[in-house]
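J.: Pasting start.cif here (mmCIF, C-alpha atoms):
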```cif
data_input
#
loop_
_atom_site.label_atom_id
_atom_site.label_comp_id
_atom_site.auth_asym_id
_atom_site.auth_seq_id
_atom_site.Cartn_x
_atom_site.Cartn_y
_atom_site.Cartn_z
CA MET P 1 275.91 -23.07 304.65
CA GLN P 2 273.81 -20.17 305.93
CA SER P 3 270.35 -19.06 304.80
CA SER P 4 267.56 -17.22 306.58
CA GLU P 5 264.87 -18.51 304.14
CA LEU P 6 265.83 -22.17 303.71
CA HIS P 7 263.14 -24.62 304.93
CA CYS P 8 264.72 -27.91 303.88
CA LEU P 9 268.35 -28.74 303.12
CA MET P 10 267.71 -30.19 299.68
CA GLU P 11 266.17 -26.93 298.47
CA SER P 12 269.71 -25.61 298.08
CA THR P 13 271.31 -28.79 296.70
CA ARG P 14 268.86 -29.80 293.97
CA GLY P 15 267.92 -32.94 295.83
CA GLN P 16 271.40 -34.40 296.14
CA LEU P 17 274.63 -33.70 297.99
CA PRO P 18 277.99 -33.90 296.18
CA GLN P 19 279.47 -37.39 296.39
CA SER P 20 282.89 -36.05 297.44
CA LEU P 21 281.52 -33.94 300.33
CA LYS P 22 283.26 -34.75 303.65
CA LYS P 23 282.11 -31.93 305.94
CA LEU P 24 278.77 -30.16 306.04
CA HIS P 25 278.18 -27.19 308.33
CA ILE P 26 274.68 -25.74 308.54
CA GLU P 27 274.44 -22.54 310.54
CA ASN P 28 271.99 -19.67 311.12
CA CYS P 29 269.22 -21.15 309.00
CA LYS P 30 266.37 -19.72 311.04
CA LYS P 31 263.51 -21.27 309.03
CA LEU P 32 265.07 -24.69 308.51
CA GLN P 33 262.58 -27.25 309.86
CA CYS P 34 264.06 -30.52 308.60
CA LEU P 35 267.16 -31.62 306.80
CA LEU P 36 265.38 -34.00 304.46
CA ASP P 37 261.88 -34.81 303.31
CA ASP P 38 260.75 -38.41 303.54
CA ASN P 39 261.63 -39.15 299.92
CA GLU P 40 265.10 -37.57 300.05
CA ASP P 41 268.40 -38.87 301.35
CA THR P 42 272.07 -38.04 301.67
CA SER P 43 273.21 -41.62 301.22
CA THR P 44 274.61 -40.74 297.78
CA SER P 45 277.29 -38.70 299.57
CA HIS P 46 279.69 -41.57 300.16
CA HIS P 47 282.33 -39.54 302.00
CA LEU P 48 280.38 -37.32 304.42
CA GLN P 49 282.02 -37.68 307.83
CA ASP P 50 281.24 -34.50 309.75
CA LEU P 51 277.77 -32.94 310.12
CA TYR P 52 277.55 -29.72 312.14
CA ILE P 53 274.22 -27.96 312.76
CA ARG P 54 274.10 -24.70 314.72
CA TYR P 55 271.59 -21.91 315.36
CA CYS P 56 268.67 -23.47 313.52
CA PRO P 57 265.84 -22.56 315.94
CA SER P 58 263.06 -24.09 313.79
CA LEU P 59 264.66 -27.49 313.31
CA THR P 60 262.35 -30.18 314.69
CA CYS P 61 263.66 -33.43 313.24
CA LEU P 62 266.73 -35.20 311.96
CA PRO P 63 266.74 -37.62 309.05
CA SER P 64 266.25 -41.32 309.71
CA ILE P 65 269.26 -43.62 309.72
CA HIS P 66 268.44 -44.76 306.17
CA GLN P 67 268.69 -41.18 304.90
CA LEU P 68 272.06 -40.37 306.47
CA PRO P 69 275.32 -41.66 305.00
CA ALA P 70 276.83 -44.66 306.79
CA THR P 71 280.20 -42.87 306.68
CA LEU P 72 279.14 -40.18 309.19
CA THR P 73 281.52 -40.24 312.19
CA SER P 74 280.87 -36.86 313.85
CA LEU P 75 277.53 -35.19 314.62
CA THR P 76 277.31 -31.83 316.40
CA ILE P 77 274.03 -30.04 317.10
CA SER P 78 273.99 -26.72 318.91
CA ASN P 79 271.36 -24.07 319.69
CA CYS P 80 268.43 -25.80 318.00
CA SER P 81 265.71 -24.76 320.41
CA LYS P 82 262.79 -26.80 318.97
CA LEU P 83 264.58 -30.12 318.74
CA THR P 84 263.06 -32.59 321.24
CA THR P 85 264.84 -35.82 320.26
CA LEU P 86 267.58 -36.92 317.91
CA SER P 87 265.75 -39.87 316.40
CA SER P 88 262.20 -41.09 316.83
CA THR P 89 263.22 -44.41 315.25
CA GLY P 90 265.92 -44.99 317.87
CA HIS P 91 268.88 -45.17 315.50
CA LEU P 92 271.91 -43.05 314.70
CA PRO P 93 274.52 -43.59 311.96
CA VAL P 94 276.32 -46.89 312.54
CA ALA P 95 279.86 -45.43 312.22
CA LEU P 96 279.31 -42.47 314.55
CA LYS P 97 282.24 -41.81 316.92
CA LEU P 98 281.51 -38.32 318.26
CA LEU P 99 278.09 -37.06 319.35
CA ARG P 100 277.98 -33.52 320.71
CA ILE P 101 274.68 -31.84 321.70
CA THR P 102 274.71 -28.37 323.30
CA ASP P 103 272.18 -25.65 324.12
CA CYS P 104 269.07 -27.45 322.85
CA SER P 105 266.55 -26.10 325.34
CA GLU P 106 263.62 -28.42 324.41
CA LEU P 107 265.54 -31.66 324.07
CA THR P 108 263.91 -34.22 326.37
CA ALA P 109 265.31 -37.52 325.09
CA LEU P 110 268.40 -38.40 323.13
CA LEU P 111 266.99 -41.71 321.88
CA PRO P 112 263.59 -42.60 323.39
CA LYS P 113 264.08 -46.12 322.04
CA GLY P 114 266.92 -48.00 320.43
CA GLN P 115 270.62 -47.84 321.24
CA LEU P 116 273.70 -45.73 320.82
CA PRO P 117 275.98 -46.80 317.95
CA GLU P 118 278.54 -49.42 318.98
CA THR P 119 281.27 -47.26 317.43
CA LEU P 120 280.54 -44.21 319.61
CA GLU P 121 283.63 -43.01 321.50
CA THR P 122 282.63 -39.61 322.90
CA LEU P 123 279.28 -38.35 324.18
CA TYR P 124 278.91 -34.66 325.07
CA ILE P 125 275.60 -33.21 326.27
CA HIS P 126 275.81 -29.64 327.57
CA ARG P 127 273.12 -27.21 328.68
CA CYS P 128 270.02 -29.18 327.74
CA PRO P 129 267.90 -28.35 330.82
CA LYS P 130 264.87 -30.49 329.88
CA LEU P 131 266.79 -33.66 329.05
CA GLU P 132 265.31 -36.57 331.01
CA PHE P 133 266.47 -39.60 329.07
CA ILE P 134 269.68 -40.53 327.26
CA VAL P 135 269.03 -44.10 326.22
CA GLU P 136 267.46 -47.01 328.07
CA LYS P 137 270.61 -49.09 328.27
CA PHE P 138 274.23 -49.09 327.18
CA HIS P 139 274.54 -52.06 324.84
CA ASN P 140 277.79 -53.19 323.21
CA ASN P 141 279.26 -49.71 323.70
CA LYS P 142 282.77 -50.91 324.50
CA ALA P 143 284.27 -48.14 322.35
CA LEU P 144 282.71 -45.39 324.50
CA SER P 145 285.60 -43.65 326.30
CA ASN P 146 284.21 -40.29 327.47
CA ILE P 147 280.84 -39.19 328.84
CA ASP P 148 280.56 -35.47 329.52
CA ILE P 149 277.22 -34.05 330.76
CA TRP P 150 276.85 -30.45 331.97
CA TYR P 151 273.87 -28.40 333.15
CA CYS P 152 271.13 -30.95 332.47
CA ASP P 153 268.92 -30.32 335.50
CA ASN P 154 266.12 -32.76 334.58
CA LEU P 155 268.38 -35.76 334.10
CA LYS P 156 267.90 -37.99 337.13
CA SER P 157 269.91 -41.11 336.33
CA PHE P 158 272.25 -42.85 333.92
CA PRO P 159 271.29 -45.63 331.52
CA GLU P 160 271.64 -49.20 332.78
CA GLY P 161 274.68 -51.21 331.79
CA LEU P 162 277.34 -48.75 332.93
CA GLU P 163 279.53 -51.65 334.10
CA THR P 164 279.72 -53.01 330.52
CA LEU P 165 281.61 -49.96 329.20
CA SER P 166 285.02 -51.61 329.34
CA GLY P 167 286.71 -48.82 327.36
CA LEU P 168 285.35 -45.96 329.48
CA GLY P 169 288.04 -43.53 330.59
CA GLY P 170 286.10 -40.60 332.02
CA ILE P 171 282.73 -39.45 333.36
CA ARG P 172 282.04 -35.79 334.13
CA MET P 173 278.71 -34.74 335.61
CA ILE P 174 278.74 -30.97 336.08
CA ARG P 175 275.87 -29.08 337.75
CA CYS P 176 273.12 -31.55 336.92
CA ARG P 177 271.04 -30.52 339.91
CA GLY P 178 268.38 -33.23 339.55
CA PHE P 179 270.83 -36.09 339.05
CA ALA P 180 270.13 -38.47 341.94
CA SER P 181 271.74 -41.82 341.15
CA PHE P 182 273.97 -43.92 339.02
CA PRO P 183 272.35 -47.21 337.95
CA LYS P 184 272.54 -50.23 340.21
CA GLY P 185 275.70 -52.20 339.72
CA ARG P 186 279.17 -50.75 339.54
CA PHE P 187 281.58 -48.72 337.49
CA PRO P 188 283.46 -50.62 334.78
CA ASP P 189 286.81 -52.17 335.66
CA SER P 190 288.77 -49.60 333.69
CA ASN P 191 291.25 -46.98 334.85
CA LEU P 192 288.41 -44.50 335.25
CA THR P 193 288.30 -40.76 335.97
CA VAL P 194 285.07 -39.62 337.69
CA ASN P 195 284.26 -35.98 338.39
CA VAL P 196 280.89 -34.91 339.85
CA LEU P 197 280.32 -31.22 340.60
CA GLY P 198 277.16 -29.49 341.77
CA CYS P 199 274.96 -32.60 341.63
CA GLU P 200 272.98 -31.64 344.70
CA LYS P 201 270.68 -34.69 344.82
CA LEU P 202 273.30 -37.35 344.18
CA GLU P 203 273.36 -39.67 347.20
CA ALA P 204 275.91 -42.37 346.40
CA LEU P 205 278.51 -43.69 344.03
CA PRO P 206 278.13 -47.22 342.68
CA SER P 207 279.31 -49.89 345.10
CA GLY P 208 282.15 -52.25 344.38
CA ILE P 209 284.44 -49.73 342.70
CA HIS P 210 287.75 -51.40 341.94
CA ASN P 211 289.79 -49.06 339.75
CA LEU P 212 289.64 -45.27 339.72
CA SER P 213 292.55 -43.09 338.66
CA PHE P 214 290.77 -39.90 339.82
CA LEU P 215 287.68 -39.10 341.90
CA GLY P 216 286.46 -35.53 342.27
CA ILE P 217 283.43 -34.68 344.43
CA HIS P 218 282.64 -30.98 344.58
CA ASN P 219 279.51 -29.43 346.08
CA CYS P 220 277.47 -32.62 346.31
CA PRO P 221 276.10 -32.18 349.85
CA ASN P 222 273.93 -35.32 349.94
CA ILE P 223 276.43 -37.88 348.72
CA ARG P 224 277.34 -40.56 351.25
CA LEU P 225 280.80 -42.05 351.10
CA SER P 226 281.17 -45.61 352.26
CA GLU P 227 284.09 -47.96 352.64
CA GLU P 228 282.72 -50.03 349.75
CA GLY P 229 282.50 -46.92 347.58
CA LEU P 230 286.19 -46.01 347.60
CA PRO P 231 288.74 -48.28 345.96
CA THR P 232 292.06 -48.78 347.72
CA LYS P 233 293.67 -48.37 344.28
CA LEU P 234 292.40 -44.78 343.95
CA GLY P 235 295.23 -42.62 342.58
CA SER P 236 293.93 -39.06 342.94
CA LEU P 237 291.17 -37.58 345.12
CA SER P 238 289.67 -34.08 345.21
CA ILE P 239 287.03 -33.17 347.81
CA ARG P 240 285.29 -29.79 348.06
CA ASP P 241 282.83 -30.28 350.88
CA CYS P 242 283.54 -30.47 354.60
CA LYS P 243 280.96 -33.21 355.17
CA GLN P 244 282.69 -35.47 352.69
CA TYR P 245 286.08 -34.77 354.19
CA LYS P 246 284.78 -35.73 357.63
CA ALA P 247 283.36 -38.94 356.18
CA LEU P 248 286.77 -39.70 354.74
CA MET P 249 288.32 -39.11 358.16
CA GLU P 250 286.06 -41.80 359.60
CA LEU P 251 286.93 -44.22 356.81
CA GLY P 252 290.64 -43.48 357.22
CA LEU P 253 292.55 -41.80 354.41
CA HIS P 254 295.61 -43.88 355.23
CA ASN P 255 293.73 -46.92 353.89
CA LEU P 256 293.97 -45.49 350.37
CA THR P 257 297.33 -47.10 349.81
CA SER P 258 297.72 -46.03 346.15
CA LEU P 259 296.76 -42.37 346.63
CA THR P 260 299.37 -39.99 345.21
CA SER P 261 297.38 -36.74 344.95
CA LEU P 262 294.90 -35.27 347.46
CA GLY P 263 293.02 -31.98 347.22
CA ILE P 264 290.86 -30.72 350.10
CA SER P 265 288.67 -27.64 349.76
CA GLY P 266 285.88 -26.45 351.96
CA GLN P 267 283.35 -23.84 353.02
CA LEU P 268 280.77 -24.52 350.30
CA ASP P 269 278.38 -26.09 352.78
CA GLY P 270 278.72 -23.30 355.35
CA GLU P 271 281.02 -25.29 357.61
CA SER P 272 284.73 -25.01 358.10
CA LEU P 273 287.34 -27.49 359.17
CA GLN P 274 288.94 -27.02 362.57
CA GLU P 275 292.35 -28.11 363.82
CA GLU P 276 291.00 -31.36 365.27
CA ASP P 277 289.68 -32.29 361.83
CA MET P 278 293.23 -32.30 360.51
CA ARG P 279 294.56 -34.78 363.08
CA ILE P 280 294.58 -37.70 360.71
CA THR P 281 297.24 -39.88 359.15
CA LEU P 282 297.75 -39.27 355.45
CA PRO P 283 298.75 -42.03 353.02
CA ARG P 284 302.51 -42.42 352.81
CA THR P 285 302.18 -42.66 349.03
CA LEU P 286 301.17 -38.98 348.65
CA THR P 287 303.29 -36.93 346.26
CA GLN P 288 300.96 -33.88 346.04
CA LEU P 289 298.71 -32.22 348.62
CA SER P 290 296.44 -29.21 348.10
CA ILE P 291 294.55 -27.37 350.88
CA ASP P 292 292.23 -24.56 349.81
CA ASP P 293 289.55 -22.24 351.16
CA PHE P 294 289.39 -22.80 354.93
CA PRO P 295 288.89 -19.31 356.40
CA ASN P 296 289.03 -20.37 360.08
CA LEU P 297 291.88 -22.84 359.97
CA LYS P 298 294.82 -21.79 362.16
CA TYR P 299 297.02 -24.89 362.23
CA LEU P 300 297.76 -27.92 360.08
CA SER P 301 297.88 -30.79 362.51
CA PHE P 302 298.21 -33.85 360.27
CA LYS P 303 299.78 -36.77 362.12
CA ASP P 304 303.35 -37.68 361.15
CA PHE P 305 303.29 -35.12 358.35
CA LYS P 306 307.07 -34.77 358.31
CA HIS P 307 307.39 -38.51 357.75
CA LEU P 308 305.58 -38.57 354.39
CA PRO P 309 308.46 -39.99 352.36
CA SER P 310 307.18 -39.17 348.86
CA LEU P 311 305.57 -35.73 349.23
CA LYS P 312 306.97 -33.40 346.56
CA LYS P 313 304.41 -30.59 346.17
CA LEU P 314 302.28 -28.73 348.72
CA TRP P 315 299.73 -26.02 347.92
CA ILE P 316 298.08 -23.94 350.66
CA TRP P 317 295.56 -21.42 349.33
CA ASN P 318 293.02 -19.06 350.89
CA CYS P 319 293.52 -19.90 354.56
CA PRO P 320 293.74 -16.35 355.99
CA GLU P 321 293.91 -17.44 359.66
CA LEU P 322 296.68 -19.98 359.17
CA THR P 323 299.67 -18.87 361.23
CA SER P 324 302.18 -21.71 361.01
CA LEU P 325 303.34 -24.77 359.14
CA PRO P 326 303.87 -28.27 360.47
CA SER P 327 307.32 -29.82 360.29
CA LEU P 328 307.77 -30.51 356.61
CA PRO P 329 309.18 -33.69 355.05
CA PRO P 330 312.67 -33.41 353.52
CA SER P 331 311.31 -34.78 350.23
CA LEU P 332 309.31 -31.56 349.60
CA MET P 333 310.46 -29.79 346.43
CA GLN P 334 307.74 -27.19 345.88
CA LEU P 335 305.59 -25.06 348.22
CA ASP P 336 302.95 -22.66 346.93
CA ILE P 337 301.13 -20.31 349.34
CA GLN P 338 298.35 -18.00 348.10
CA GLY P 339 295.94 -15.78 350.02
CA CYS P 340 297.34 -16.64 353.47
CA LEU P 341 298.27 -13.23 354.88
CA LEU P 342 299.40 -14.32 358.36
CA LEU P 343 301.39 -17.26 357.02
CA LYS P 344 303.01 -15.00 354.45
CA GLU P 345 304.25 -12.75 357.24
CA ALA P 346 305.54 -15.73 359.20
CA CYS P 347 307.48 -16.99 356.16
CA LYS P 348 309.42 -13.79 355.46
CA ARG P 349 312.94 -14.50 354.35
CA ASP P 350 315.42 -14.59 357.26
CA LYS P 351 312.85 -12.84 359.49
CA GLY P 352 309.68 -14.86 359.86
CA LYS P 353 309.23 -17.47 362.56
CA GLU P 354 308.47 -20.14 359.92
CA TRP P 355 311.42 -19.28 357.67
CA SER P 356 313.60 -22.10 358.98
CA LYS P 357 310.97 -24.66 357.89
CA ILE P 358 310.96 -23.55 354.26
CA ALA P 359 314.52 -22.27 353.71
CA ASN P 360 315.74 -25.54 352.18
CA ILE P 361 312.79 -26.13 349.84
CA PRO P 362 314.04 -25.61 346.25
CA ARG P 363 310.98 -23.73 345.04
CA VAL P 364 308.71 -21.62 347.25
CA GLU P 365 306.13 -19.18 345.88
CA ILE P 366 304.03 -16.87 348.03
CA ASP P 367 301.31 -14.87 346.30
CA ASP P 368 302.85 -15.62 342.90
CA LYS P 369 306.32 -14.43 343.89
CA PHE P 370 309.35 -16.70 344.05
CA ILE P 371 310.73 -15.99 347.53
CA TYR P 372 314.39 -16.33 346.58
CA GLU P 373 314.17 -13.37 344.22
CA PRO P 374 315.74 -10.18 345.60
CA GLU P 375 313.26 -8.20 347.67
CA GLU P 376 312.13 -4.88 346.25
CA THR P 377 313.56 -1.87 348.00
CA SER P 378 311.91 1.51 348.17
CA GLU P 379 313.63 4.37 346.36
CA ASN P 380 314.75 7.37 348.37
#
```
Take the structure from the file and write it as structure tokens.

T.:
Amino acid sequence: MQSSELHCLMESTRGQLPQSLKKLHIENCKKLQCLLDDNEDTSTSHHLQDLYIRYCPSLTCLPSIHQLPATLTSLTISNCSKLTTLSSTGHLPVALKLLRITDCSELTALLPKGQLPETLETLYIHRCPKLEFIVEKFHNNKALSNIDIWYCDNLKSFPEGLETLSGLGGIRMIRCRGFASFPKGRFPDSNLTVNVLGCEKLEALPSGIHNLSFLGIHNCPNIRLSEEGLPTKLGSLSIRDCKQYKALMELGLHNLTSLTSLGISGQLDGESLQEEDMRITLPRTLTQLSIDDFPNLKYLSFKDFKHLPSLKKLWIWNCPELTSLPSLPPSLMQLDIQGCLLLKEACKRDKGKEWSKIANIPRVEIDDKFIYEPEETSEN
């Protein structure tokens, strides 16, 4: 449905939506201020499941829970610049599974009072720069599996009760520059994926983390890693900040006895790792290792690197001063080198000083070229 003159939804439907309607998309209704008047409702539409509202810059309110059909499972609101909250009464449809809010520049509170529906599985909030408040507390939200929040600079913390979300599978906090803390307590005891990027004021992860399948910390210069904040059962770790890598060195990466994948990137905080920073023992459980963006690094000096019994894949990217490789474990099946000019020269087939170290690896790519392909020859 599109209309530049429509002020209220029911103006175009004669006061009632079709009973068989399952999906309703409202888009580019520039004068639409409300979906329903106080004496109108959509509850006669017994099959409506998907409500999508986009580019309605005058929309200021949503209907109350009693006016929306109980069958609604998906609600998407995008580019509604005057919307400040979803519900002043604190309620959303009881069967809602997906809630997606994007590009609502005046949104300050999702639900200033009340609770999220117990059925909610996915919560997306993207590019709502004035958002300060999601909900006071997670309550009986065991179905909630994904929380995805991007570019919400005014959001400072999460709701209480995070540890009760027993079905939670993933949290992504991307470039929420004012986000300073998770609530007191801990993450839920689920096989959780946590990715925080560009949260410049975040100082700590919850203590007492037991199970994480993946932890990514990128460009969070004030976060402090502690021994209590990293579970020994962590499966995959990605760090893009030299300060955090050095903190991990002090804690001892080898203590992460379930770690299979490790990614280390640097230079965002103006520092760069040196050779002495690499003289650590890596977990013997590693199967994948990625090293990226260290412009001054000349050597990889990991301890006992050649004795990593499970390492299968190694990526080395954007290390222009790197001149050599350590002795590599015989288990290595794939080596990928990108943007490492000196190392590329040293790994030339049958000629480079590092060739003997990589000659028996089944798959080696350097700058997107498989090295066992015939070399190009110049035409005379």

J.: Could you expand the PyMOL selection byres ((chain P and resi 218) around 7) into the explicit residues it covers here, written as a PyMOL selection string?

T.: chain P and resi 196-198+216-217+219-220+239-241

J.: Pull C-alpha atoms from the residues just selected and write them as a PDB file, keeping the file's coordinate frame.

T.:
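Output (result.pdb):
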```pdb
ATOM      1  CA  VAL P 196     280.890 -34.910 339.850  1.00  0.00           C
ATOM      2  CA  LEU P 197     280.320 -31.220 340.600  1.00  0.00           C
ATOM      3  CA  GLY P 198     277.160 -29.490 341.770  1.00  0.00           C
ATOM      4  CA  GLY P 216     286.460 -35.530 342.270  1.00  0.00           C
ATOM      5  CA  ILE P 217     283.430 -34.680 344.430  1.00  0.00           C
ATOM      6  CA  ASN P 219     279.510 -29.430 346.080  1.00  0.00           C
ATOM      7  CA  CYS P 220     277.470 -32.620 346.310  1.00  0.00           C
ATOM      8  CA  ILE P 239     287.030 -33.170 347.810  1.00  0.00           C
ATOM      9  CA  ARG P 240     285.290 -29.790 348.060  1.00  0.00           C
ATOM     10  CA  ASP P 241     282.830 -30.280 350.880  1.00  0.00           C
TER      11      ASP P 241
END
```

J.: In Å, with one decimal, what is the gap from CA of Cys199 (chain P) to CA of Arg224 (chain P)?

T.: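 Interatomic distance, CA of Cys199 (chain P) to CA of Arg224 (chain P): 12.7 Å.
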
J.: With distances taken over only C-alpha atoms, which of P:Lys369, P:Arg127, P:His91, P:His210 is nearest to Ser190 (chain P)?

T.: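 The answer is P:His210, which sits nearest to Ser190 (chain P).
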
J.: Please provide the set of residues having any atom within 10 Å of Ile366 (chain P), restricted to all atoms listed in the file, with same-chain residues fewer than 6 positions apart removed, written as a short mmCIF file (atom, residue, chain, number, x, y, z; two decimals) with C-alpha atoms, in the coordinates of the input.

T.:
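The new file around.cif reads:
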```
data_model
loop_
_atom_site.label_atom_id
_atom_site.label_comp_id
_atom_site.auth_asym_id
_atom_site.auth_seq_id
_atom_site.Cartn_x
_atom_site.Cartn_y
_atom_site.Cartn_z
CA ILE P 316 298.08 -23.94 350.66
CA TRP P 317 295.56 -21.42 349.33
CA LEU P 335 305.59 -25.06 348.22
CA ASP P 336 302.95 -22.66 346.93
CA ILE P 337 301.13 -20.31 349.34
CA GLN P 338 298.35 -18.00 348.10
CA GLY P 339 295.94 -15.78 350.02
CA CYS P 340 297.34 -16.64 353.47
CA LEU P 341 298.27 -13.23 354.88
CA LEU P 343 301.39 -17.26 357.02
CA LYS P 344 303.01 -15.00 354.45
CA CYS P 347 307.48 -16.99 356.16
CA LYS P 348 309.42 -13.79 355.46
#
```

J.: Give me, as a list of chain:residue names, all polymer residues having an atom no more than 9 Å from Arg100 (chain P), counting all atoms listed in the file and skipping those fewer than 2 positions away in the same chain.

T.: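 Counting only the stated atoms, we get P:Ser74, P:Leu75, P:Thr76, P:Ile77, P:Ser78, P:Leu98, P:Thr102, P:Thr122, P:Leu123, P:Tyr124, P:Ile125, P:His126.
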
J.: Could you jot down the CA of Ser290 (chain P) to CA of Thr232 (chain P) separation for me, Å, one decimal place?

T.: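 For CA of Ser290 (chain P) relative to CA of Thr232 (chain P), the distance reads 20.1 Å.
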
J.: Around the point (262.8, -27.6, 323.2), in the coordinates given by the file, pick out the residues reaching within 10 Å, counting all atoms listed in the file, and return them as number ranges by chain.

T.: P: 57, 60, 79-85, 103-108, 128-131

J.: Show me, as CSV, the residues of region 46-147 of chain P having an atom within 10 Å of region 163-171 of chain P, each with the closest atom pair and its distance in Å, using all atoms listed in the file.

T.:
```
residue,atom,partner,partner_atom,distance
P:Glu121,CA,P:Leu168,CA,8.7
P:Thr122,CA,P:Leu168,CA,9.5
P:Leu123,CA,P:Ile171,CA,9.9
P:Phe138,CA,P:Thr164,CA,7.5
P:His139,CA,P:Thr164,CA,7.7
P:Asn140,CA,P:Thr164,CA,7.6
P:Asn141,CA,P:Leu165,CA,6.0
P:Lys142,CA,P:Leu165,CA,4.9
P:Ala143,CA,P:Gly167,CA,5.6
P:Leu144,CA,P:Leu168,CA,5.7
P:Ser145,CA,P:Leu168,CA,3.9
P:Asn146,CA,P:Gly170,CA,4.9
P:Ile147,CA,P:Ile171,CA,4.9
```

J.: Using the chain letters and residue numbers of this document, give as a list in words the residues selected by the PyMOL selection byres ((chain P and resi 283) around 7).

T.: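 With the shown file as input, the PyMOL selection byres ((chain P and resi 283) around 7) matches Leu253, His254, Leu256, Thr257, Leu259, Thr281, Leu282, Arg284, Thr285 and Leu286 of chain P.
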
J.: Report as a PDB file with C-alpha atoms, in the coordinates of the input the full result of the PyMOL selection byres ((chain P and resi 308-312) around 8) when it is applied to this structure.

T.:
```
ATOM      1  CA  LEU P 282     297.750 -39.270 355.450  1.00  0.00           C
ATOM      2  CA  PRO P 283     298.750 -42.030 353.020  1.00  0.00           C
ATOM      3  CA  ARG P 284     302.510 -42.420 352.810  1.00  0.00           C
ATOM      4  CA  THR P 285     302.180 -42.660 349.030  1.00  0.00           C
ATOM      5  CA  LEU P 286     301.170 -38.980 348.650  1.00  0.00           C
ATOM      6  CA  THR P 287     303.290 -36.930 346.260  1.00  0.00           C
ATOM      7  CA  GLN P 288     300.960 -33.880 346.040  1.00  0.00           C
ATOM      8  CA  LEU P 289     298.710 -32.220 348.620  1.00  0.00           C
ATOM      9  CA  ASP P 304     303.350 -37.680 361.150  1.00  0.00           C
ATOM     10  CA  PHE P 305     303.290 -35.120 358.350  1.00  0.00           C
ATOM     11  CA  LYS P 306     307.070 -34.770 358.310  1.00  0.00           C
ATOM     12  CA  HIS P 307     307.390 -38.510 357.750  1.00  0.00           C
ATOM     13  CA  LYS P 313     304.410 -30.590 346.170  1.00  0.00           C
ATOM     14  CA  LEU P 314     302.280 -28.730 348.720  1.00  0.00           C
ATOM     15  CA  PRO P 329     309.180 -33.690 355.050  1.00  0.00           C
ATOM     16  CA  PRO P 330     312.670 -33.410 353.520  1.00  0.00           C
ATOM     17  CA  SER P 331     311.310 -34.780 350.230  1.00  0.00           C
ATOM     18  CA  LEU P 332     309.310 -31.560 349.600  1.00  0.00           C
ATOM     19  CA  MET P 333     310.460 -29.790 346.430  1.00  0.00           C
ATOM     20  CA  GLN P 334     307.740 -27.190 345.880  1.00  0.00           C
TER      21      GLN P 334
END
```

J.: Excluding Leu24 (chain P) and residues on its chain fewer than 6 positions from it, collect all residues at most 8 Å away from it, counting all atoms listed in the file, and give them as an NGL selection string.

T.: :P and (1 or 48 or 50-52)

J.: Identify which of the residues P:Thr119, P:Ile291, P:Ile223, P:Ser88 lies closest to Ala247 (chain P), counting only C-alpha atoms when measuring atom-to-atom distances.

T.: P:Ile223

J.: So which residues fall inside 9 Å of (265.8, -41.9, 319.8) if we count all atoms listed in the file? Mind giving them as a list in words?

T.: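 The distance filter leaves exactly Thr85, Leu86, Ser87, Ser88, Thr89, Gly90, His91, Leu92, Ala109, Leu110, Leu111, Pro112, Lys113, Gly114, Gln115, Leu116, Ile134 and Val135 of chain P.
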
J.: What's the separation between CA of Lys137 (chain P) and CA of Leu96 (chain P), in Å to one decimal place?

T.: 17.5 Å

J.: Neighbours of Phe158 (chain P) within 12 Å (all atoms listed in the file; same-chain residues fewer than 6 positions away dropped), as a PDB file with C-alpha atoms, in the coordinates of the input?

T.:
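Once written, selection06.pdb looks like this:
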```pdb
ATOM      1  CA  LEU P 131     266.790 -33.660 329.050  1.00  0.00           C
ATOM      2  CA  GLU P 132     265.310 -36.570 331.010  1.00  0.00           C
ATOM      3  CA  PHE P 133     266.470 -39.600 329.070  1.00  0.00           C
ATOM      4  CA  ILE P 134     269.680 -40.530 327.260  1.00  0.00           C
ATOM      5  CA  VAL P 135     269.030 -44.100 326.220  1.00  0.00           C
ATOM      6  CA  GLU P 136     267.460 -47.010 328.070  1.00  0.00           C
ATOM      7  CA  LYS P 137     270.610 -49.090 328.270  1.00  0.00           C
ATOM      8  CA  PHE P 138     274.230 -49.090 327.180  1.00  0.00           C
ATOM      9  CA  ILE P 147     280.840 -39.190 328.840  1.00  0.00           C
ATOM     10  CA  ASP P 148     280.560 -35.470 329.520  1.00  0.00           C
ATOM     11  CA  ILE P 149     277.220 -34.050 330.760  1.00  0.00           C
ATOM     12  CA  ILE P 171     282.730 -39.450 333.360  1.00  0.00           C
ATOM     13  CA  MET P 173     278.710 -34.740 335.610  1.00  0.00           C
ATOM     14  CA  CYS P 176     273.120 -31.550 336.920  1.00  0.00           C
ATOM     15  CA  GLY P 178     268.380 -33.230 339.550  1.00  0.00           C
ATOM     16  CA  PHE P 179     270.830 -36.090 339.050  1.00  0.00           C
ATOM     17  CA  ALA P 180     270.130 -38.470 341.940  1.00  0.00           C
ATOM     18  CA  SER P 181     271.740 -41.820 341.150  1.00  0.00           C
ATOM     19  CA  PHE P 182     273.970 -43.920 339.020  1.00  0.00           C
ATOM     20  CA  PRO P 183     272.350 -47.210 337.950  1.00  0.00           C
ATOM     21  CA  LYS P 184     272.540 -50.230 340.210  1.00  0.00           C
ATOM     22  CA  GLY P 185     275.700 -52.200 339.720  1.00  0.00           C
ATOM     23  CA  ARG P 186     279.170 -50.750 339.540  1.00  0.00           C
ATOM     24  CA  PHE P 187     281.580 -48.720 337.490  1.00  0.00           C
ATOM     25  CA  LEU P 202     273.300 -37.350 344.180  1.00  0.00           C
ATOM     26  CA  LEU P 205     278.510 -43.690 344.030  1.00  0.00           C
ATOM     27  CA  PRO P 206     278.130 -47.220 342.680  1.00  0.00           C
TER      28      PRO P 206
END
```
